[in-house]
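Text of target.cif (mmCIF, C-alpha atoms and all ligand atoms) as supplied:
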data_target
loop_
_atom_site.label_atom_id
_atom_site.label_comp_id
_atom_site.auth_asym_id
_atom_site.auth_seq_id
_atom_site.Cartn_x
_atom_site.Cartn_y
_atom_site.Cartn_z
CA MET A 1 119.97 47.17 -13.22
CA HIS A 2 118.00 49.95 -14.91
CA LEU A 3 119.38 48.89 -18.34
CA ASP A 4 118.42 45.23 -17.72
CA THR A 5 114.82 46.17 -17.03
CA LYS A 6 114.76 48.28 -20.20
CA ASN A 7 116.20 45.37 -22.30
CA THR A 8 113.69 42.95 -20.86
CA LYS A 9 110.86 45.36 -21.75
CA TYR A 10 112.16 45.66 -25.35
CA ARG A 11 112.51 41.90 -25.68
CA LEU A 12 108.99 41.38 -24.37
CA ARG A 13 107.62 43.96 -26.80
CA GLU A 14 109.46 42.32 -29.74
CA THR A 15 108.18 38.88 -28.76
CA VAL A 16 104.59 40.16 -28.63
CA ILE A 17 104.96 41.82 -32.08
CA VAL A 18 106.43 38.64 -33.65
CA PHE A 19 103.64 36.59 -32.06
CA PHE A 20 100.90 38.77 -33.61
CA ILE A 21 102.59 38.79 -37.03
CA LEU A 22 102.73 34.97 -36.97
CA CYS A 23 99.05 34.75 -35.91
CA GLY A 24 98.14 37.01 -38.81
CA LEU A 25 100.03 34.83 -41.27
CA LEU A 26 98.46 31.62 -40.03
CA LEU A 27 94.88 32.79 -39.60
CA ASP A 28 94.17 35.03 -42.61
CA PRO A 29 93.32 32.75 -45.55
CA ALA A 30 93.32 35.66 -47.99
CA SER A 31 96.78 36.84 -46.95
CA SER A 32 99.40 37.00 -49.67
CA HIS A 33 101.78 35.57 -47.09
CA ALA A 34 99.72 32.37 -47.23
CA SER A 35 102.16 31.10 -49.84
CA ALA A 36 104.64 30.68 -47.00
CA VAL A 37 102.66 27.58 -46.00
CA THR A 38 101.44 26.57 -49.46
CA GLU A 39 102.71 24.03 -51.97
CA SER A 40 103.68 26.47 -54.70
CA GLY A 41 101.40 26.42 -57.73
CA SER A 42 98.67 24.60 -55.80
CA VAL A 43 95.08 25.78 -55.48
CA TYR A 44 95.21 24.66 -51.85
CA GLN A 45 96.72 26.19 -48.72
CA GLN A 46 97.73 24.26 -45.63
CA ARG A 47 97.36 26.10 -42.30
CA LEU A 48 98.64 25.13 -38.89
CA ILE A 49 95.90 26.88 -36.97
CA HIS A 50 92.47 25.71 -38.08
CA SER A 51 89.11 24.33 -36.99
CA PRO A 52 89.14 21.01 -35.08
CA ASP A 53 86.46 19.85 -37.55
CA GLY A 54 88.67 20.50 -40.58
CA ILE A 55 91.83 19.06 -42.11
CA GLY A 56 93.75 22.37 -42.13
CA LYS A 57 93.58 22.50 -45.91
CA PHE A 58 91.87 25.47 -47.55
CA TYR A 59 90.34 25.72 -51.02
CA MET A 60 89.14 29.07 -52.39
CA GLY A 61 88.97 30.47 -48.84
CA ARG A 62 87.05 27.49 -47.38
CA GLU A 63 88.48 24.95 -44.97
CA ILE A 64 87.82 21.34 -46.04
CA ALA A 65 85.93 19.30 -43.43
CA GLN A 66 87.00 15.95 -42.03
CA VAL A 67 85.43 12.93 -43.72
CA MET A 68 82.54 11.37 -41.86
CA GLY A 69 83.77 7.86 -41.07
CA HIS A 70 81.79 4.71 -41.84
CA GLN A 71 81.16 4.44 -38.10
CA GLY A 72 78.54 7.14 -38.68
CA ALA A 73 76.56 4.95 -41.13
CA GLY A 74 73.70 4.54 -38.64
CA TRP A 75 73.20 8.32 -38.57
CA LEU A 76 72.82 8.41 -42.36
CA GLU A 77 70.07 5.79 -42.12
CA ARG A 78 68.26 7.43 -39.15
CA PRO A 79 64.53 6.71 -39.35
CA TYR A 80 63.51 10.36 -38.85
CA ARG A 81 65.66 11.58 -41.79
CA GLU A 82 62.72 11.81 -44.21
CA THR A 83 60.84 14.11 -41.80
CA GLU A 84 63.93 16.14 -40.97
CA GLU A 85 65.50 16.59 -44.47
CA LYS A 86 62.78 15.66 -46.98
CA PRO A 87 65.12 13.65 -49.29
CA SER A 88 62.12 12.65 -51.45
CA ARG A 89 61.98 16.29 -52.60
CA VAL A 90 65.61 15.98 -53.72
CA VAL A 91 64.75 12.91 -55.80
CA ASP A 92 61.78 14.77 -57.37
CA ALA A 93 63.99 17.76 -58.20
CA LEU A 94 66.26 15.60 -60.39
CA ASN A 95 63.31 15.17 -62.79
CA LEU A 96 64.60 11.73 -63.77
CA LYS A 97 64.01 10.00 -67.08
CA PRO A 98 63.56 6.20 -66.82
CA THR A 99 66.82 5.64 -68.75
CA ASP A 100 69.02 8.13 -66.86
CA VAL A 101 72.42 7.16 -65.51
CA VAL A 102 72.96 9.02 -62.24
CA ALA A 103 76.15 9.20 -60.17
CA ASP A 104 75.60 9.62 -56.42
CA ILE A 105 79.02 10.88 -55.35
CA GLY A 106 79.84 10.44 -51.68
CA ALA A 107 76.97 7.96 -51.53
CA GLY A 108 77.68 6.71 -47.99
CA THR A 109 75.21 3.88 -47.24
CA GLY A 110 73.32 4.61 -50.47
CA TYR A 111 70.45 6.34 -48.66
CA LEU A 112 69.81 8.52 -51.74
CA SER A 113 71.05 5.97 -54.32
CA PHE A 114 68.30 3.46 -53.48
CA ARG A 115 65.63 6.16 -53.63
CA LEU A 116 66.90 7.28 -57.04
CA ALA A 117 67.02 3.69 -58.34
CA GLN A 118 63.26 3.32 -57.79
CA GLU A 119 62.72 5.99 -60.46
CA LEU A 120 65.10 4.43 -62.99
CA PRO A 121 63.56 1.20 -64.38
CA LEU A 122 65.87 1.31 -67.42
CA GLY A 123 68.74 3.35 -66.02
CA LYS A 124 71.11 2.95 -63.07
CA VAL A 125 72.80 4.65 -60.15
CA LEU A 126 76.57 4.65 -59.75
CA ALA A 127 77.08 4.93 -56.00
CA VAL A 128 80.60 6.33 -55.56
CA ASP A 129 82.41 6.46 -52.22
CA ILE A 130 86.01 6.33 -51.02
CA GLN A 131 85.27 4.12 -48.01
CA PRO A 132 85.09 0.40 -48.89
CA GLU A 133 83.09 -0.14 -45.69
CA MET A 134 80.33 2.10 -47.08
CA LEU A 135 80.33 0.15 -50.36
CA ASP A 136 80.03 -3.12 -48.38
CA ILE A 137 76.90 -1.70 -46.71
CA ILE A 138 75.47 -0.76 -50.13
CA ASP A 139 76.20 -4.27 -51.40
CA SER A 140 74.42 -5.93 -48.50
CA LEU A 141 71.40 -3.57 -48.79
CA LYS A 142 71.26 -4.31 -52.54
CA LYS A 143 70.92 -8.02 -51.81
CA GLU A 144 68.45 -7.49 -48.97
CA ARG A 145 66.24 -5.21 -51.12
CA ASN A 146 66.82 -7.09 -54.38
CA ILE A 147 67.76 -3.92 -56.29
CA ALA A 148 70.26 -4.54 -59.10
CA SER A 149 70.40 -1.02 -60.56
CA VAL A 150 72.62 0.46 -57.83
CA GLU A 151 76.29 -0.15 -58.70
CA PRO A 152 78.85 0.58 -55.97
CA VAL A 153 82.00 2.31 -57.32
CA LEU A 154 85.18 2.74 -55.29
CA GLY A 155 86.36 6.29 -55.92
CA GLY A 156 89.74 7.84 -55.17
CA VAL A 157 90.17 11.03 -53.12
CA SER A 158 90.92 12.98 -56.28
CA ASN A 159 89.01 10.97 -58.90
CA PRO A 160 85.43 9.68 -58.99
CA ASN A 161 86.60 6.85 -61.28
CA LEU A 162 83.79 7.25 -63.80
CA PRO A 163 84.15 6.90 -67.59
CA ASN A 164 84.09 10.09 -69.67
CA GLU A 165 80.68 11.40 -70.78
CA SER A 166 78.90 8.44 -69.17
CA VAL A 167 76.43 10.07 -66.76
CA ASP A 168 73.35 12.26 -67.22
CA LYS A 169 73.15 13.61 -63.69
CA VAL A 170 75.34 13.85 -60.62
CA LEU A 171 73.98 14.12 -57.10
CA MET A 172 76.09 15.08 -54.08
CA VAL A 173 74.33 15.22 -50.72
CA ASP A 174 76.33 16.48 -47.72
CA ALA A 175 79.53 15.16 -49.27
CA TYR A 176 81.26 17.83 -51.37
CA HIS A 177 82.50 19.85 -48.38
CA GLU A 178 84.50 16.75 -47.33
CA PHE A 179 86.33 16.23 -50.60
CA GLU A 180 90.05 16.43 -49.88
CA TYR A 181 90.73 17.42 -53.51
CA PRO A 182 87.57 19.31 -54.55
CA ARG A 183 89.13 20.82 -57.71
CA GLU A 184 90.32 17.45 -59.06
CA MET A 185 87.12 15.68 -58.03
CA MET A 186 84.97 18.27 -59.79
CA GLU A 187 87.16 18.15 -62.91
CA GLY A 188 86.65 14.35 -62.97
CA ILE A 189 82.90 14.81 -62.46
CA VAL A 190 82.69 17.32 -65.32
CA ARG A 191 84.55 14.87 -67.58
CA ALA A 192 82.14 12.09 -66.57
CA LEU A 193 79.04 14.19 -67.35
CA LYS A 194 77.50 14.12 -70.81
CA PRO A 195 77.34 17.58 -72.44
CA GLY A 196 74.31 19.35 -70.97
CA GLY A 197 74.42 17.01 -67.96
CA ARG A 198 73.61 18.45 -64.54
CA VAL A 199 75.12 18.50 -61.07
CA PHE A 200 72.71 18.65 -58.10
CA LEU A 201 74.62 19.86 -55.05
CA VAL A 202 72.88 19.59 -51.69
CA GLU A 203 74.59 21.22 -48.70
CA TYR A 204 73.36 22.52 -45.33
CA ARG A 205 72.77 26.27 -45.61
CA GLY A 206 75.90 28.07 -44.44
CA GLU A 207 74.08 31.41 -44.45
CA ASN A 208 71.80 30.29 -41.62
CA PRO A 209 73.45 30.18 -38.17
CA PHE A 210 70.43 28.33 -36.74
CA VAL A 211 70.93 25.23 -38.90
CA PRO A 212 72.31 22.93 -36.15
CA ILE A 213 75.30 21.56 -38.08
CA LYS A 214 79.03 22.27 -37.62
CA ALA A 215 80.18 25.27 -39.66
CA LEU A 216 82.55 23.30 -41.91
CA HIS A 217 79.76 20.87 -42.79
CA LYS A 218 77.65 23.68 -44.23
CA MET A 219 78.22 25.78 -47.36
CA THR A 220 77.01 29.16 -48.51
CA GLN A 221 75.52 29.46 -51.95
CA LYS A 222 78.10 32.12 -52.84
CA GLN A 223 80.99 29.79 -52.01
CA ALA A 224 79.48 26.81 -53.83
CA ARG A 225 78.81 28.83 -56.96
CA LYS A 226 82.37 30.15 -56.94
CA GLU A 227 83.82 26.62 -56.67
CA MET A 228 81.56 25.16 -59.39
CA SER A 229 82.27 28.06 -61.71
CA ALA A 230 86.03 27.35 -61.32
CA VAL A 231 85.52 24.03 -63.16
CA GLY A 232 83.36 25.50 -65.90
CA LEU A 233 79.91 24.56 -64.59
CA ALA A 234 77.12 27.06 -65.17
CA TRP A 235 74.72 27.80 -62.33
CA VAL A 236 71.10 27.09 -63.33
CA GLU A 237 69.06 27.63 -60.17
CA THR A 238 68.96 27.19 -56.40
CA LYS A 239 65.96 25.49 -54.84
CA ASN A 240 65.18 26.43 -51.26
CA PHE A 241 62.39 23.95 -50.59
CA LEU A 242 64.35 21.81 -48.12
CA PRO A 243 64.13 22.51 -44.37
CA GLN A 244 67.88 22.92 -43.73
CA GLN A 245 69.76 22.51 -47.02
CA HIS A 246 69.86 24.25 -50.34
CA LEU A 247 69.80 22.32 -53.58
CA MET A 248 71.94 24.03 -56.20
CA VAL A 249 71.73 23.00 -59.84
CA PHE A 250 74.66 23.40 -62.26
CA GLU A 251 75.05 22.42 -65.90
CA LYS A 252 77.93 21.29 -68.08
CA PRO A 253 77.94 23.45 -71.22
CA THR A 254 77.08 21.68 -74.45
CA GLY A 255 79.70 23.49 -76.54
C1 LIG A 301 78.18 12.75 -44.72
S1 LIG A 301 78.36 11.39 -45.80
C2 LIG A 301 76.93 11.59 -46.82
C3 LIG A 301 76.48 10.29 -47.45
C4 LIG A 301 75.24 10.37 -48.37
N1 LIG A 301 75.42 11.30 -49.45
C5 LIG A 301 74.01 10.70 -47.61
O1 LIG A 301 73.56 11.86 -47.66
O2 LIG A 301 73.48 9.81 -46.93
C6 LIG A 301 79.69 11.86 -46.89
C7 LIG A 301 80.28 10.70 -47.67
O3 LIG A 301 81.18 11.24 -48.64
C8 LIG A 301 82.25 10.35 -48.81
N2 LIG A 301 83.39 11.03 -49.44
C9 LIG A 301 84.27 11.92 -48.90
N3 LIG A 301 85.19 12.29 -49.82
C10 LIG A 301 84.88 11.64 -50.97
C11 LIG A 301 85.43 11.63 -52.29
N4 LIG A 301 86.51 12.35 -52.62
N5 LIG A 301 84.84 10.84 -53.22
C12 LIG A 301 83.75 10.10 -52.92
N6 LIG A 301 83.17 10.06 -51.69
C13 LIG A 301 83.73 10.84 -50.73
C14 LIG A 301 82.53 9.85 -47.40
O4 LIG A 301 83.23 8.64 -47.41
C15 LIG A 301 81.08 9.72 -46.84
O5 LIG A 301 80.59 8.43 -47.02
#
Now, as a test, write the supplied structure out as C-alpha cells.
Amino acid sequence: MHLDTKNTKYRLRETVIVFFILCGLLLDPASSHASAVTESGSVYQQRLIHSPDGIGKFYMGREIAQVMGHQGAGWLERPYRETEEKPSRVVDALNLKPTDVVADIGAGTGYLSFRLAQELPLGKVLAVDIQPEMLDIIDSLKKERNIASVEPVLGGVSNPNLPNESVDKVLMVDAYHEFEYPREMMEGIVRALKPGGRVFLVEYRGENPFVPIKALHKMTQKQARKEMSAVGLAWVETKNFLPQQHLMVFEKPTG
C-alpha cells in the first residue's frame, strides 16, 4: 500500500516533467529542438501550439498570419480609411515618375492600386493577389472607373508571377505578414525589380501595443528589416508619418 502510493507519486512527477519538456519544445521558436517539428533544410518551422490568428508556421521567429479572405473586401474599402490610415501619404512617399511600373503585391480590392494609377499617366500598376475573387473585384472597379492602367495579376503563394527586372517599385500594404512563403515571395519580388528598384513595405507598428490590430497582423521594424535583409534588400529609411503603420523603404542593389 505504502509502495503503491510512492510509485503513483513518482509517475505523477515524471508525467509533469515530460509535459513541461514538451511545452518547451513546442513553444520556444528559438529552441534548437525546433528541428524536431521542422522540414529539414527549410527556413520555416511548423508548431502545434500557436496563435489562433496564425497558420502555425514560423519564419525567422515570426508566426505567419492567416490570409484575410475576400469576404473582408468591404473592410478594405471602408469609407473612413483615408482618415484612419492616410493612404494618400503612402502614394506621395513613392515619389512616382509618370512612366513608372509599380507592383502592388497583395492588392486586395485594389484600394492602393487605383490611387497609384492616377499618378501614372504613362506607366501602370500590376495588382497582384492570390485570391481570384479579389481580382474579379479589381476588374469590375476598373470598368466602373474606366481606368485601364491597373492590370490584375494572379499570383501564386510562393511566386508573384512577374517578369524579371520589369518593375520600378513594389508596394505591399498590410499583406506581407500573410505571405505563406515569405522567403520565396521576396526572392521573386527581388528578381522582378529593376536594379535600384525599391520596395515600400507598410505594416501596422508591432512596437506599439495600442495599435488596435491583432499581434500577428503587425510587424516590428526590427523583424521586417531582418527579413528583407535575408533576400539582399538594403534598408533605405523608415517613415513614421502614418497614424498606425510604418512605411519602410528598401532598395535592390544596382551591382
Ligand atoms: C489585408 S489584405 C490587404 C489588401 C490591400 N493591400 C489593402 O491594403 O487594401 C492582404 C491581401 O494579401 C493577399 N495575399 C496574401 N498572400 C499573398 C501572396 N503570397 N501573394 C499575393 N497576395 C497575397 C490576400 O489575398 C489579401 O487580399
If I wrap all listed atoms of stretch 92-95 of chain A in a box with edges along x, y and z and add 6 Å on each side, what are its centre and edge lengths in Å to one decimal, as lines of an AutoDock Vina configuration file?
center_x = 64.0
center_y = 16.3
center_z = -60.1
size_x = 16.5
size_y = 15.0
size_z = 17.4
Would you pick out the contacts of A:Ala234 at 7 Å or less, using all atoms listed in the file, so that residues sharing its chain but fewer than 5 positions from it are not included, and give the list as an MDAnalysis selection string? chainID A and resid 229 250:252
Rounded to one decimal in Å, what is the spacing between atom CA of A:Ser166 and atom CA of A:Gly197? 9.7 Å
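The environment of stretch 72-78 of chain A within 12 Å, counting all atoms listed in the file and disregarding residues fewer than 4 places along the same chain, consists of Val67, Met68, Glu82, Thr83, Glu84, Glu85, Pro87, Gly106, Ala107, Gly108, Thr109, Gly110, Tyr111, Leu112, Phe114, Gln131, Glu133, Met134, Leu135, Asp136, Ile137, Ile138, Leu141, Val173, Asp174 and Ala175 of chain A.
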Neighbour list for A:Asn208 as a ChimeraX atom specification, cut-off 10 Å, all atoms listed in the file, skip fewer than 6 positions in-chain: /A:215,218-220,244-245
Using the selection just defined, write its residues with C-alpha atoms as a PDB file, keeping the file's coordinate frame.
ATOM      1  CA  ALA A 215      80.180  25.270 -39.660  1.00  0.00           C
ATOM      2  CA  LYS A 218      77.650  23.680 -44.230  1.00  0.00           C
ATOM      3  CA  MET A 219      78.220  25.780 -47.360  1.00  0.00           C
ATOM      4  CA  THR A 220      77.010  29.160 -48.510  1.00  0.00           C
ATOM      5  CA  GLN A 244      67.880  22.920 -43.730  1.00  0.00           C
ATOM      6  CA  GLN A 245      69.760  22.510 -47.020  1.00  0.00           C
TER       7      GLN A 245
END
List the neighbours of A:Ser149 out to 7 Å using all atoms listed in the file; skip same-chain residues closer than 6 positions along the sequence, and give me the result as a PyMOL selection string. chain A and resi 117+124-125
Within 7 Å of A:Leu171, counting all atoms listed in the file, which residues qualify if same-chain residues fewer than 3 places away don't, as a list in words?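 Skipping anything fewer than 3 positions along the chain leaves Ala103, Asp104, Ile105, Val199, Phe200 and Leu201 of chain A.
Comparing A:Arg145, A:Lys97, A:His177, A:Lys57 by their smallest distance to ligand LIG 301 (chain A), the closest is A:His177 (using all atoms listed in the file).
For the pair atom CA of A:Val101 and atom CA of A:Val170, the interatomic distance is 8.8 Å.
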Take atom CA of A:Pro212 and atom CA of A:Trp235 and report the distance between them in Å, one decimal. 26.7 Å
Give as a PyMOL selection string every residue, naming chains and numbers as the document does, that has an atom within 7 Å of (81.4, 20.9, -66.3), counting all atoms listed in the file. chain A and resi 190-191+231-233+251-253
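Between A:Ile213 and the candidates A:Arg198, A:Pro163, A:Asp53, A:Pro98, the tightest atom-to-atom separation, counting only C-alpha atoms, involves A:Asp53.
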A:Arg205, A:Lys142, A:Lys169, A:Arg81 ranked by distance to ligand LIG 301 (chain A), top pick (using all atoms listed in the file):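 Among the listed residues, the smallest separation from ligand LIG 301 (chain A) belongs to A:Arg81.
Comparing the minimum interatomic distances between ligand LIG 301 (chain A) and each of A:Leu96, A:Val249, A:Ala65, A:Val236, counting only C-alpha atoms and all ligand atoms, we find that A:Ala65 sits nearest.
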So, with all atoms listed in the file as the atoms that count, which of A:Val90, A:Ile55, A:Leu120, A:Ile130 lies closest to ligand LIG 301 (chain A)? A:Ile130
Hey, can you pull every residue with an atom no more than 6 Å from (82.6, 5.5, -56.2), using all atoms listed in the file, and send it as a PyMOL selection string? chain A and resi 127-129+153-155+160
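Closest approach to A:Pro195 among A:Met248, A:Val167, A:Met172, A:Ile147 is made by A:Val167 (distances from all atoms listed in the file).
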